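**Student:** Before we start, here is the structure in question, set down as structure tokens.
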Amino acid sequence: MKRLIKYVSNYKLFVIIPVIAMLISIALDMFNPYFIKVMIDKVLGNGEYNLLTFVLISLTGITCARAVLGYIREYTLDYLSSRISIDLKTDLFNHIQSLPFKYFDNMNTGELMSRMGSDVDNVWMSIAFGIGLAIEQVFYFIVASIIIFRMNWELSLVTLITMPIIGYIAFKLEKQVGEAYDKISDHNAVLNTTAQENIAGARLVKAFAREKYETTKFFNHNRKNYRLNMSQAKIWSKHFPMIDFLCNISVLSVVCVGGLLVIKNSLSIGELVAFSQYVWMLIWPMRMIGWLTNIITQANTSAKKIFNIIDTEPEIKDKNDAIPMPQIKGHIKFENVYFKYNENNILENINLDIPIGSTVAIMGTTGSGKSSLINLIGRYYDISKGSITIDGNDLRDIRIADLRKKMSVVAQDTFLFSESIYENIRFGKQDATFDEIKNACKDACADEFIQNLTEGYNTVIGERGLGLSGGEKQRLSIARALIKDSSILILDDASSALDMETEYNLLKNLNKRKNKATTFIIAHRISAVKNADIILFLENGHIIEMGNHKTLLEKKGNYYEVFTQQFTDFIDLEGVII
């Protein structure tokens with residue numbers, strides 16, 4: 001909760017206003033028992049009816065004033081909590097955006113959504129209601145305690161005798177509720193992840209007829225969530241009745257002892273009634289300890305989980321003296337590069353010298369390190385040993401934002417937003433004109449199928465490109481990358497869903513583009529790589545073959561084997577291409 005104070009301090013005015021309104025309201029409320037005492041002892045007891053109008057006007061004025069002050073307090077506290085909620089979500093989202101690929105490799109979307117949603121809402125609730133109410137009840141307790149001790153210290157001691165026990169129970173309650181809610185919060189993330197994955201993968205579930213299995217899995221998670229919440233409820237039900245019982249004992253003590261004092265004429269009836277009113281100002285804070293403990297504990301647990309993410313330092317970040325590179329030409333060099341992931345060697349002793357505007361094709365078996373190699377270029381992961389330079393500058397010395405602004409990537413997993421085709425492509429360049437978007441789509445061989453859609457470029461596509469074929473999604477992703485007009489273009493198996501003719505036209509368009517980018521193509525088809533300037537063949541993280549199409553065929557190694565498998569029908573008995 002200490003970390004939240006920094007957020008609160010940004011809105012000092014909206015802290016001061018409700019606190020002042022609260023203090024004035026409490027001060028006014030302290031006069032109510034006094035006026036009731038006057039009413040009983042002087043107006044009713046002594047017949048001083050001339051005071052009746054004054055007392056009634058005073059009580060009415062206090063009630064109206066407290067209503068206005070209550071409105072001001074609630075409105076400003078709601079505003080304060082809403083602003084903090086916005087700031088917290090913004091900071092959390094911005095920090096998540098700064099985290100590297102590796103963080104998301106080990107983090108579920110459902111858990112992050114849980115932190116952005118329910119956990120921030122818990123913090124909002126605690127500030128809007130919990131903390132304000134807790135401060136108010138503390139003031140009530142302190143002021144009312146001072147007043148009753150001034151009225152009758154013997155009766156006050158009788159009243160407060162149960163308070164230490166209530167405080168002890170509240171301390172135990174806070175600890176146990178905190179532990180219970182910590183488990184609930186963690187399991188809510190699991191539940192959200194399960195729901196998110198099944199909703200996103202609904203078509204896969206139906207395709208494999210796994211509805212019953214997934215429903216049962218969700219049911220089991222939901223049952224566990226129910227049990228965790230019931231365990232929290234048991235803790236609450238175990239402690240709160242005891243707090244309530246002790247509070248009632250205090251009231252009973254006041255009635256009994258106070259009644260004896262009235263009989264002995266040590267206390268007037270009006271003083272006893274006023275004393276009882278002040279005692280209720282002590283009892284309500286005690287009664288609310290359980291509820292306040294619950295809401296503040298939940299908020300504290302949620303805040304810890306939120307700040308655990310915010311405190312996660314990005315492993316990949318700019319140096320203090322990072323080099324700004326507004327212009328990148330695209331000369332890339334790997335020197336003795338090694339890359340480890342979770343202590344596993346992924347790439348070893350990679351040496352490459354790639355001239356500006358070259359096309360580099362990368363082939364190899366699954367898990368050979370193809371995607372890892374190109375992910376190092378954008379510094380999505382950091383190398384373990386060696387160096388990668390761009391235009392003569394070490395990658396780790398270049399400002400990350402400048403590097404990635406000059407790169408376009410079409411990932412293996414095609415992702416499109418639930419927006420129009422126009423907006424999806426404009427994602428690559430926010431100030432792109434329609435003509436630029438159309439030209440990029442032509443180069444990506446996407447313009448023709450877009451024109452055939454009912455609303456053309458304004459067609460809104462479903463989540464992750466729902467409603468489009470695999471090839472159409474890939475072409476839109478390529479268009480989004482091309483419109484950026486970058487110095488480095490990376491196509492990670494980006495043509496796997498395209499037919500041979502479309503793939504041929506696409507590659508031809510890429511080679512004809514003005515200011516051709518240094519291009520990396522990961523592919524499994526010879527047709528996609530045969531015209532590349534440099535072809536790499538990876539195996540177990542090593543470059544085992546490197547050259548162009550002709551030289552690699554002459555070596556008759558792994559590349560040649562793939563070629564013969566794919567083009568058997570086009571090779572005569574002597575191994576000559578027909």
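Here's how to read the names in the structure tokens: chain A, B, ... by the order shown, residue numbers from 1 in each chain, ligand numbers from 1 in the order shown.
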Using DSSP on the backbone, list every residue of stretch 220-410 of chain A that comes out as strand (DSSP E), and give them as a VMD selection string.

**Tutor:** chain A and resid 332 to 341 344 to 354 359 to 364 385 to 390 393 to 394 407 to 410

**Student:** Quick one: which stretch 234-335 of chain A residues come within 9 Å of stretch 512-531 of chain A, and what is the nearest atom pair for each with the distance in Å to one decimal, counting only C-alpha atoms, rows ordered by chain and ascending number, as CSV?

**Tutor:**
```
residue,atom,partner,partner_atom,distance
A:Lys329,CA,A:Ala517,CA,8.3
A:Gly330,CA,A:Thr518,CA,5.7
A:His331,CA,A:Thr518,CA,7.6
A:Ile332,CA,A:Thr518,CA,8.5
```

**Student:** Can you measure atom CA of A:Ile437 to atom CA of A:Asp485 for me? One decimal in Å is fine.

**Tutor:**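 Between atom CA of A:Ile437 and atom CA of A:Asp485 the gap works out to 11.3 Å.
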
**Student:** Nearest to A:Val143 among A:Ile346, A:Leu506, A:Met500, A:Leu23, with distances taken over only C-alpha atoms: which residue is it?

**Tutor:**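 Closest to A:Val143, using only C-alpha atoms: A:Leu23.
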
**Student:** Of the candidates A:Lys438, A:Lys385, A:Arg3, A:Arg223, which one gets nearest to A:Asn336 if we count only C-alpha atoms?

**Tutor:**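 Nearest candidate to A:Asn336 out of A:Lys438, A:Lys385, A:Arg3, A:Arg223: A:Lys385.
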
**Student:** Tell me, as JSON, numbers by chain, which residues lie within 8 Å of A:Leu80, counting only C-alpha atoms; anything in the same chain fewer than 6 positions away does not count.

**Tutor:** {"A": [8, 11, 14, 15, 127, 128]}

**Student:** So that I have them on file, write out the residues from the current selection with N, CA, C and O atoms, as a PDB file, in the first residue's frame.

**Tutor:**
```pdb
ATOM      1  N   VAL A   8      -1.374   8.593  -5.011  1.00  0.00           N
ATOM      2  CA  VAL A   8      -2.298   9.491  -4.324  1.00  0.00           C
ATOM      3  C   VAL A   8      -1.726  10.908  -4.260  1.00  0.00           C
ATOM      4  O   VAL A   8      -2.444  11.901  -4.416  1.00  0.00           O
ATOM      5  N   TYR A  11      -2.503  13.798  -6.649  1.00  0.00           N
ATOM      6  CA  TYR A  11      -3.806  14.467  -6.618  1.00  0.00           C
ATOM      7  C   TYR A  11      -4.072  14.995  -5.204  1.00  0.00           C
ATOM      8  O   TYR A  11      -5.067  14.662  -4.577  1.00  0.00           O
ATOM      9  N   PHE A  14      -7.443  16.526  -4.244  1.00  0.00           N
ATOM     10  CA  PHE A  14      -8.564  15.590  -4.096  1.00  0.00           C
ATOM     11  C   PHE A  14      -8.358  14.653  -2.903  1.00  0.00           C
ATOM     12  O   PHE A  14      -9.163  13.753  -2.679  1.00  0.00           O
ATOM     13  N   VAL A  15      -7.281  14.869  -2.190  1.00  0.00           N
ATOM     14  CA  VAL A  15      -7.092  14.225  -0.885  1.00  0.00           C
ATOM     15  C   VAL A  15      -7.492  15.212   0.210  1.00  0.00           C
ATOM     16  O   VAL A  15      -8.197  14.860   1.165  1.00  0.00           O
ATOM     17  N   ILE A 127      -9.571   2.545  -2.264  1.00  0.00           N
ATOM     18  CA  ILE A 127      -9.387   3.993  -2.172  1.00  0.00           C
ATOM     19  C   ILE A 127     -10.739   4.705  -2.125  1.00  0.00           C
ATOM     20  O   ILE A 127     -10.942   5.640  -1.350  1.00  0.00           O
ATOM     21  N   ALA A 128     -11.677   4.251  -2.959  1.00  0.00           N
ATOM     22  CA  ALA A 128     -12.981   4.904  -3.038  1.00  0.00           C
ATOM     23  C   ALA A 128     -13.792   4.727  -1.756  1.00  0.00           C
ATOM     24  O   ALA A 128     -14.497   5.642  -1.332  1.00  0.00           O
TER      25      ALA A 128
END
```

**Student:** From the set A:Val409, A:Ile400, A:Ile461, A:Met125, which residue has the shortest atom-to-atom contact distance to A:Leu489, counting only C-alpha atoms?

**Tutor:**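 Nearest to A:Leu489: A:Val409.
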